[in-house]
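The structure appears right after this line, and notes come after that.
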Amino acid sequence: MNEQNGSIATLSIDIGGSGIKGMVLNSDGTPMTERSRVETPQPAKPEPIIEAIAQLAANQGKFDRVSVGFPGVVRKGVIGTAANLDPDWINFDLGTTLSEKLAKPVRVANDADIQGLGAISGQGVELVITLGTGFGSALFLNGKLVPNLELGHHCFRKGETYEQQLGRVALDEIGKKKWNSRLEKAIASLEHAFNYDYLYIGGGNTDKITFELPANVKIVPNVSGILGGIALWQESG
Ligand code: BGC
């Protein structure tokens, strides 16, 4: 327990392809510190990233536990895939390593899953996609997460995946206008496949969206990626 106010303080970290962000939240998700950001070390291997997180943690003051959003498949703290980081991550036990380094309990989950936990209403079928370096996705039924949905690497159109068509590399290559028209097609395709009640769109590139979204599609603020760090401790282990 945090001695200062009797509430449990969670350091919530989001590991991204370009930046690592973190802030401390109290039990109801209220920020207790300013969000800090450090550049993702390159090459983005486990050791320098853990060092960067330790540095960020040291600047965030006191906390009792840690949530980490990782841009890949995560099972029980162990990394399964890391498409936009470094292959050294595969099979790396981030949960245990970071817990030993910070001497606190740590939970790690997919970044889009955490973003979703911070954004959804908990009613019906809710799909979340994130538009950043990669293309993240998360699916919920009545608030219950189906972990590690990896739509980003599935075929979307013209023999390319959602991530190849809508990730950061594609956006830089084709520009905002074409990217928007692809995104409109992606939303139509996802609605057809999932028949969701709501689709939430998060991630750093949501500010590039220029078309009017359908009524059942909402943009979620970037901070959901951090706020979901609290909800992660309400999920079963
Ligand atoms: C990864 C996902 C991740 C997404 C957004 C994809 O390349 O496979 O696990 O959620 O990028 O970071």
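Identifiers in this document derive from the order of the structure tokens: chains are assigned A, B, ..., residues are numbered from 1 separately in each chain, and ligands are numbered from 1 in order of occurrence.
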#### Entry: Thr133 of chain A environment, 8 Å, only C-alpha atoms, sequence neighbours closer than 2 positions dropped, as an MDAnalysis selection string
chainID A and resid 16:18 84 131 135 167:169
Residues at most 10 Å from Ile49 of chain A, counting only C-alpha atoms, excluding those fewer than 3 positions away in the same chain, as a short mmCIF file (atom, residue, chain, number, x, y, z; two decimals) with all heavy atoms, in the first residue's frame?
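Saved the output as selection34.cif:
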data_model
loop_
_atom_site.label_atom_id
_atom_site.label_comp_id
_atom_site.auth_asym_id
_atom_site.auth_seq_id
_atom_site.Cartn_x
_atom_site.Cartn_y
_atom_site.Cartn_z
N ILE A 15 4.85 0.08 -23.74
CA ILE A 15 6.04 -0.03 -24.59
C ILE A 15 5.60 0.10 -26.04
O ILE A 15 4.79 -0.70 -26.53
CB ILE A 15 6.75 -1.40 -24.40
CG1 ILE A 15 7.14 -1.60 -22.93
CG2 ILE A 15 7.97 -1.51 -25.31
CD1 ILE A 15 7.76 -2.97 -22.64
N ILE A 20 8.47 4.81 -24.99
CA ILE A 20 7.99 4.07 -23.82
C ILE A 20 7.40 5.12 -22.88
O ILE A 20 8.06 6.10 -22.56
CB ILE A 20 9.14 3.33 -23.13
CG1 ILE A 20 9.78 2.34 -24.11
CG2 ILE A 20 8.66 2.62 -21.87
CD1 ILE A 20 11.06 1.70 -23.59
N VAL A 38 10.11 8.10 -22.72
CA VAL A 38 11.50 8.02 -23.19
C VAL A 38 11.47 7.36 -24.56
O VAL A 38 10.54 6.60 -24.89
CB VAL A 38 12.41 7.20 -22.24
CG1 VAL A 38 12.57 7.90 -20.89
CG2 VAL A 38 11.88 5.78 -22.01
N GLU A 39 12.45 7.67 -25.40
CA GLU A 39 12.53 7.05 -26.72
C GLU A 39 12.76 5.55 -26.55
O GLU A 39 13.50 5.13 -25.65
CB GLU A 39 13.72 7.63 -27.51
CG GLU A 39 13.56 9.09 -27.91
CD GLU A 39 12.44 9.29 -28.92
OE1 GLU A 39 12.42 8.57 -29.94
OE2 GLU A 39 11.58 10.16 -28.68
N THR A 40 12.15 4.75 -27.41
CA THR A 40 12.42 3.31 -27.39
C THR A 40 13.86 3.10 -27.89
O THR A 40 14.19 3.55 -28.98
CB THR A 40 11.45 2.56 -28.33
OG1 THR A 40 10.11 2.90 -27.93
CG2 THR A 40 11.63 1.06 -28.26
N PRO A 41 14.72 2.45 -27.06
CA PRO A 41 16.11 2.25 -27.50
C PRO A 41 16.16 1.43 -28.81
O PRO A 41 15.30 0.58 -29.03
CB PRO A 41 16.74 1.45 -26.35
CG PRO A 41 15.80 1.56 -25.21
CD PRO A 41 14.45 1.84 -25.76
N GLN A 42 17.11 1.72 -29.65
CA GLN A 42 17.30 0.95 -30.88
C GLN A 42 18.70 0.37 -30.92
O GLN A 42 19.64 1.10 -30.66
CB GLN A 42 17.09 1.87 -32.12
CG GLN A 42 15.72 2.49 -32.24
CD GLN A 42 14.56 1.49 -32.36
OE1 GLN A 42 14.78 0.35 -32.77
NE2 GLN A 42 13.36 1.89 -31.99
N PRO A 43 18.91 -0.91 -31.23
CA PRO A 43 17.87 -1.90 -31.47
C PRO A 43 17.04 -2.15 -30.21
O PRO A 43 17.57 -2.11 -29.11
CB PRO A 43 18.65 -3.14 -31.91
CG PRO A 43 20.02 -2.97 -31.39
CD PRO A 43 20.27 -1.50 -31.32
N ALA A 44 15.75 -2.43 -30.45
CA ALA A 44 14.78 -2.53 -29.35
C ALA A 44 14.83 -3.91 -28.71
O ALA A 44 13.88 -4.69 -28.77
CB ALA A 44 13.39 -2.20 -29.87
N LYS A 45 15.98 -4.22 -28.09
CA LYS A 45 16.18 -5.53 -27.46
C LYS A 45 15.73 -5.49 -25.99
O LYS A 45 15.60 -4.40 -25.42
CB LYS A 45 17.66 -5.90 -27.54
CG LYS A 45 18.12 -6.25 -28.96
CD LYS A 45 19.59 -6.63 -28.97
CE LYS A 45 20.08 -6.91 -30.37
NZ LYS A 45 19.56 -8.17 -30.96
N PRO A 46 15.54 -6.67 -25.37
CA PRO A 46 15.03 -6.68 -24.00
C PRO A 46 15.85 -5.86 -23.01
O PRO A 46 15.29 -5.04 -22.27
CB PRO A 46 15.05 -8.17 -23.64
CG PRO A 46 14.94 -8.88 -24.94
CD PRO A 46 15.61 -8.02 -25.95
N ALA A 52 15.53 1.19 -19.76
CA ALA A 52 14.75 2.42 -20.01
C ALA A 52 13.53 2.46 -19.08
O ALA A 52 13.20 3.52 -18.53
CB ALA A 52 14.32 2.49 -21.47
N ILE A 53 12.88 1.30 -18.87
CA ILE A 53 11.71 1.26 -17.97
C ILE A 53 12.15 1.56 -16.54
O ILE A 53 11.49 2.31 -15.81
CB ILE A 53 11.00 -0.11 -18.05
CG1 ILE A 53 10.39 -0.31 -19.44
CG2 ILE A 53 9.92 -0.23 -16.97
CD1 ILE A 53 9.78 -1.69 -19.68
N ALA A 54 13.30 0.99 -16.13
CA ALA A 54 13.80 1.21 -14.76
C ALA A 54 14.07 2.69 -14.54
O ALA A 54 13.76 3.25 -13.48
CB ALA A 54 15.04 0.37 -14.52
N GLN A 55 14.62 3.34 -15.57
CA GLN A 55 14.91 4.77 -15.48
C GLN A 55 13.62 5.58 -15.35
O GLN A 55 13.49 6.46 -14.51
CB GLN A 55 15.58 5.18 -16.79
CG GLN A 55 16.81 6.04 -16.65
CD GLN A 55 17.30 6.37 -18.06
OE1 GLN A 55 16.61 7.07 -18.80
NE2 GLN A 55 18.45 5.84 -18.41
#
Determine, for each residue of chain A having at least one atom at most 7 Å from an atom of ligand 1, the closest pair of atoms and their separation in Å to one decimal, counting only C-alpha atoms and all ligand atoms; order by chain and ascending number, as JSON lines.
{"residue": "A:Gly16", "atom": "CA", "partner": "ligand 1", "partner_atom_place_in_ligand_line": "12 (O)", "distance": 6.4}
{"residue": "A:Pro71", "atom": "CA", "partner": "ligand 1", "partner_atom_place_in_ligand_line": "12 (O)", "distance": 3.9}
{"residue": "A:Gly72", "atom": "CA", "partner": "ligand 1", "partner_atom_place_in_ligand_line": "9 (O)", "distance": 3.1}
{"residue": "A:Val73", "atom": "CA", "partner": "ligand 1", "partner_atom_place_in_ligand_line": "9 (O)", "distance": 5.2}
{"residue": "A:Thr81", "atom": "CA", "partner": "ligand 1", "partner_atom_place_in_ligand_line": "8 (O)", "distance": 6.6}
{"residue": "A:Ala82", "atom": "CA", "partner": "ligand 1", "partner_atom_place_in_ligand_line": "8 (O)", "distance": 6.2}
{"residue": "A:Ala83", "atom": "CA", "partner": "ligand 1", "partner_atom_place_in_ligand_line": "7 (O)", "distance": 4.9}
{"residue": "A:Asn84", "atom": "CA", "partner": "ligand 1", "partner_atom_place_in_ligand_line": "7 (O)", "distance": 5.7}
{"residue": "A:Asn110", "atom": "CA", "partner": "ligand 1", "partner_atom_place_in_ligand_line": "10 (O)", "distance": 5.7}
{"residue": "A:Asp111", "atom": "CA", "partner": "ligand 1", "partner_atom_place_in_ligand_line": "10 (O)", "distance": 5.2}
{"residue": "A:Ala112", "atom": "CA", "partner": "ligand 1", "partner_atom_place_in_ligand_line": "10 (O)", "distance": 4.7}
{"residue": "A:Thr130", "atom": "CA", "partner": "ligand 1", "partner_atom_place_in_ligand_line": "5 (C)", "distance": 6.3}
{"residue": "A:Gly132", "atom": "CA", "partner": "ligand 1", "partner_atom_place_in_ligand_line": "5 (C)", "distance": 6.5}
{"residue": "A:Thr133", "atom": "CA", "partner": "ligand 1", "partner_atom_place_in_ligand_line": "12 (O)", "distance": 6.4}
{"residue": "A:Gly134", "atom": "CA", "partner": "ligand 1", "partner_atom_place_in_ligand_line": "11 (O)", "distance": 3.8}
{"residue": "A:Phe135", "atom": "CA", "partner": "ligand 1", "partner_atom_place_in_ligand_line": "4 (C)", "distance": 4.6}
{"residue": "A:Gly136", "atom": "CA", "partner": "ligand 1", "partner_atom_place_in_ligand_line": "4 (C)", "distance": 3.6}
{"residue": "A:Ser137", "atom": "CA", "partner": "ligand 1", "partner_atom_place_in_ligand_line": "10 (O)", "distance": 6.0}
{"residue": "A:Asn148", "atom": "CA", "partner": "ligand 1", "partner_atom_place_in_ligand_line": "9 (O)", "distance": 6.9}
{"residue": "A:Glu150", "atom": "CA", "partner": "ligand 1", "partner_atom_place_in_ligand_line": "8 (O)", "distance": 5.9}
{"residue": "A:Gly152", "atom": "CA", "partner": "ligand 1", "partner_atom_place_in_ligand_line": "6 (C)", "distance": 5.9}
{"residue": "A:His153", "atom": "CA", "partner": "ligand 1", "partner_atom_place_in_ligand_line": "8 (O)", "distance": 6.7}
{"residue": "A:Glu163", "atom": "CA", "partner": "ligand 1", "partner_atom_place_in_ligand_line": "7 (O)", "distance": 6.8}
### Message
Just want the 7 Å neighbourhood of Asp14 of chain A, counted on only C-alpha atoms, with same-chain residues fewer than 4 positions away dropped. Output as a list in words.
### Response
Ile20, Lys21, Gly22, Val68, Gly69, Phe70, Asp111, Gly225 and Ile226 of chain A
May I have the selected residues written with all heavy atoms, as a PDB file, in the first residue's frame?
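So selection.pdb came out as:
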ATOM      1  N   ILE A  20       8.467   4.814 -24.995  1.00  0.00           N
ATOM      2  CA  ILE A  20       7.991   4.075 -23.821  1.00  0.00           C
ATOM      3  C   ILE A  20       7.399   5.119 -22.879  1.00  0.00           C
ATOM      4  O   ILE A  20       8.059   6.103 -22.560  1.00  0.00           O
ATOM      5  CB  ILE A  20       9.143   3.330 -23.125  1.00  0.00           C
ATOM      6  CG1 ILE A  20       9.779   2.341 -24.106  1.00  0.00           C
ATOM      7  CG2 ILE A  20       8.663   2.616 -21.867  1.00  0.00           C
ATOM      8  CD1 ILE A  20      11.061   1.705 -23.588  1.00  0.00           C
ATOM      9  N   LYS A  21       6.109   4.915 -22.511  1.00  0.00           N
ATOM     10  CA  LYS A  21       5.426   5.915 -21.695  1.00  0.00           C
ATOM     11  C   LYS A  21       5.025   5.308 -20.361  1.00  0.00           C
ATOM     12  O   LYS A  21       4.778   4.103 -20.293  1.00  0.00           O
ATOM     13  CB  LYS A  21       4.163   6.409 -22.415  1.00  0.00           C
ATOM     14  CG  LYS A  21       4.450   7.227 -23.661  1.00  0.00           C
ATOM     15  CD  LYS A  21       3.557   6.871 -24.823  1.00  0.00           C
ATOM     16  CE  LYS A  21       4.173   5.797 -25.700  1.00  0.00           C
ATOM     17  NZ  LYS A  21       3.352   5.271 -26.765  1.00  0.00           N
ATOM     18  N   GLY A  22       4.904   6.143 -19.337  1.00  0.00           N
ATOM     19  CA  GLY A  22       4.465   5.607 -18.052  1.00  0.00           C
ATOM     20  C   GLY A  22       3.981   6.681 -17.106  1.00  0.00           C
ATOM     21  O   GLY A  22       4.377   7.840 -17.215  1.00  0.00           O
ATOM     22  N   VAL A  68       2.300  -3.536 -17.588  1.00  0.00           N
ATOM     23  CA  VAL A  68       3.054  -3.227 -18.807  1.00  0.00           C
ATOM     24  C   VAL A  68       2.267  -3.650 -20.040  1.00  0.00           C
ATOM     25  O   VAL A  68       1.820  -4.797 -20.147  1.00  0.00           O
ATOM     26  CB  VAL A  68       4.424  -3.966 -18.819  1.00  0.00           C
ATOM     27  CG1 VAL A  68       5.236  -3.565 -20.057  1.00  0.00           C
ATOM     28  CG2 VAL A  68       5.216  -3.678 -17.566  1.00  0.00           C
ATOM     29  N   GLY A  69       2.094  -2.726 -20.977  1.00  0.00           N
ATOM     30  CA  GLY A  69       1.506  -3.040 -22.279  1.00  0.00           C
ATOM     31  C   GLY A  69       2.631  -3.296 -23.261  1.00  0.00           C
ATOM     32  O   GLY A  69       3.513  -2.453 -23.433  1.00  0.00           O
ATOM     33  N   PHE A  70       2.621  -4.466 -23.898  1.00  0.00           N
ATOM     34  CA  PHE A  70       3.707  -4.862 -24.814  1.00  0.00           C
ATOM     35  C   PHE A  70       3.135  -5.039 -26.222  1.00  0.00           C
ATOM     36  O   PHE A  70       2.057  -5.633 -26.387  1.00  0.00           O
ATOM     37  CB  PHE A  70       4.334  -6.179 -24.318  1.00  0.00           C
ATOM     38  CG  PHE A  70       5.517  -6.598 -25.132  1.00  0.00           C
ATOM     39  CD1 PHE A  70       6.788  -6.146 -24.815  1.00  0.00           C
ATOM     40  CD2 PHE A  70       5.359  -7.411 -26.257  1.00  0.00           C
ATOM     41  CE1 PHE A  70       7.887  -6.509 -25.593  1.00  0.00           C
ATOM     42  CE2 PHE A  70       6.443  -7.775 -27.038  1.00  0.00           C
ATOM     43  CZ  PHE A  70       7.719  -7.325 -26.705  1.00  0.00           C
ATOM     44  N   ASP A 111      -0.472  -4.667 -25.700  1.00  0.00           N
ATOM     45  CA  ASP A 111      -0.777  -3.230 -25.586  1.00  0.00           C
ATOM     46  C   ASP A 111      -2.203  -2.879 -26.011  1.00  0.00           C
ATOM     47  O   ASP A 111      -2.864  -2.052 -25.371  1.00  0.00           O
ATOM     48  CB  ASP A 111       0.258  -2.381 -26.359  1.00  0.00           C
ATOM     49  CG  ASP A 111       0.399  -2.775 -27.821  1.00  0.00           C
ATOM     50  OD1 ASP A 111      -0.262  -3.739 -28.262  1.00  0.00           O
ATOM     51  OD2 ASP A 111       1.183  -2.107 -28.532  1.00  0.00           O
ATOM     52  N   GLY A 225      -4.420   3.716 -23.030  1.00  0.00           N
ATOM     53  CA  GLY A 225      -3.347   2.716 -22.992  1.00  0.00           C
ATOM     54  C   GLY A 225      -2.702   2.646 -21.616  1.00  0.00           C
ATOM     55  O   GLY A 225      -2.176   1.616 -21.214  1.00  0.00           O
ATOM     56  N   ILE A 226      -2.747   3.742 -20.906  1.00  0.00           N
ATOM     57  CA  ILE A 226      -2.176   3.788 -19.564  1.00  0.00           C
ATOM     58  C   ILE A 226      -3.259   3.448 -18.540  1.00  0.00           C
ATOM     59  O   ILE A 226      -3.048   2.666 -17.626  1.00  0.00           O
ATOM     60  CB  ILE A 226      -1.608   5.213 -19.286  1.00  0.00           C
ATOM     61  CG1 ILE A 226      -0.469   5.542 -20.274  1.00  0.00           C
ATOM     62  CG2 ILE A 226      -1.187   5.370 -17.841  1.00  0.00           C
ATOM     63  CD1 ILE A 226       0.898   5.107 -19.863  1.00  0.00           C
TER      64      ILE A 226
END
### Message
I need the residue nearest Gly122 of chain A from this list: A:Ile8, A:Leu139, A:Ile50, A:Ala215. Use only C-alpha atoms for the distance.
### Response
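Counting only C-alpha atoms, the residue closest to Gly122 of chain A is A:Leu139.
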Selection near Lys208 of chain A, 9 Å with only C-alpha atoms, sequence-local residues under 6 positions removed, as a short mmCIF file (atom, residue, chain, number, x, y, z; two decimals) with N, CA and C atoms, in the first residue's frame:
data_model
loop_
_atom_site.label_atom_id
_atom_site.label_comp_id
_atom_site.auth_asym_id
_atom_site.auth_seq_id
_atom_site.Cartn_x
_atom_site.Cartn_y
_atom_site.Cartn_z
N LYS A 176 -1.66 10.75 -45.96
CA LYS A 176 -2.89 10.74 -45.16
C LYS A 176 -4.14 10.39 -45.95
N TRP A 179 -4.35 6.72 -46.90
CA TRP A 179 -4.43 5.97 -45.64
C TRP A 179 -5.84 6.05 -45.07
N ASN A 180 -6.46 7.23 -45.16
CA ASN A 180 -7.84 7.40 -44.70
C ASN A 180 -8.80 6.54 -45.50
#
### Task
Give me, please, the distance in Å between atom CA of Ser67 of chain A and atom CA of Leu145 of chain A, quoted to one decimal.
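Spanning atom CA of Ser67 of chain A to atom CA of Leu145 of chain A is a straight-line distance of 16.2 Å.
Across the model, the gap from atom CA of Gly204 of chain A to atom CA of Ser36 of chain A is 15.6 Å.
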### Query
Nearest to Asp88 of chain A: which of A:Pro48, A:Ile219, A:Glu100, A:Asp64 is it, counting only C-alpha atoms?
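Between A:Pro48, A:Ile219, A:Glu100, A:Asp64, the residue approaching Asp88 of chain A most closely is A:Pro48.
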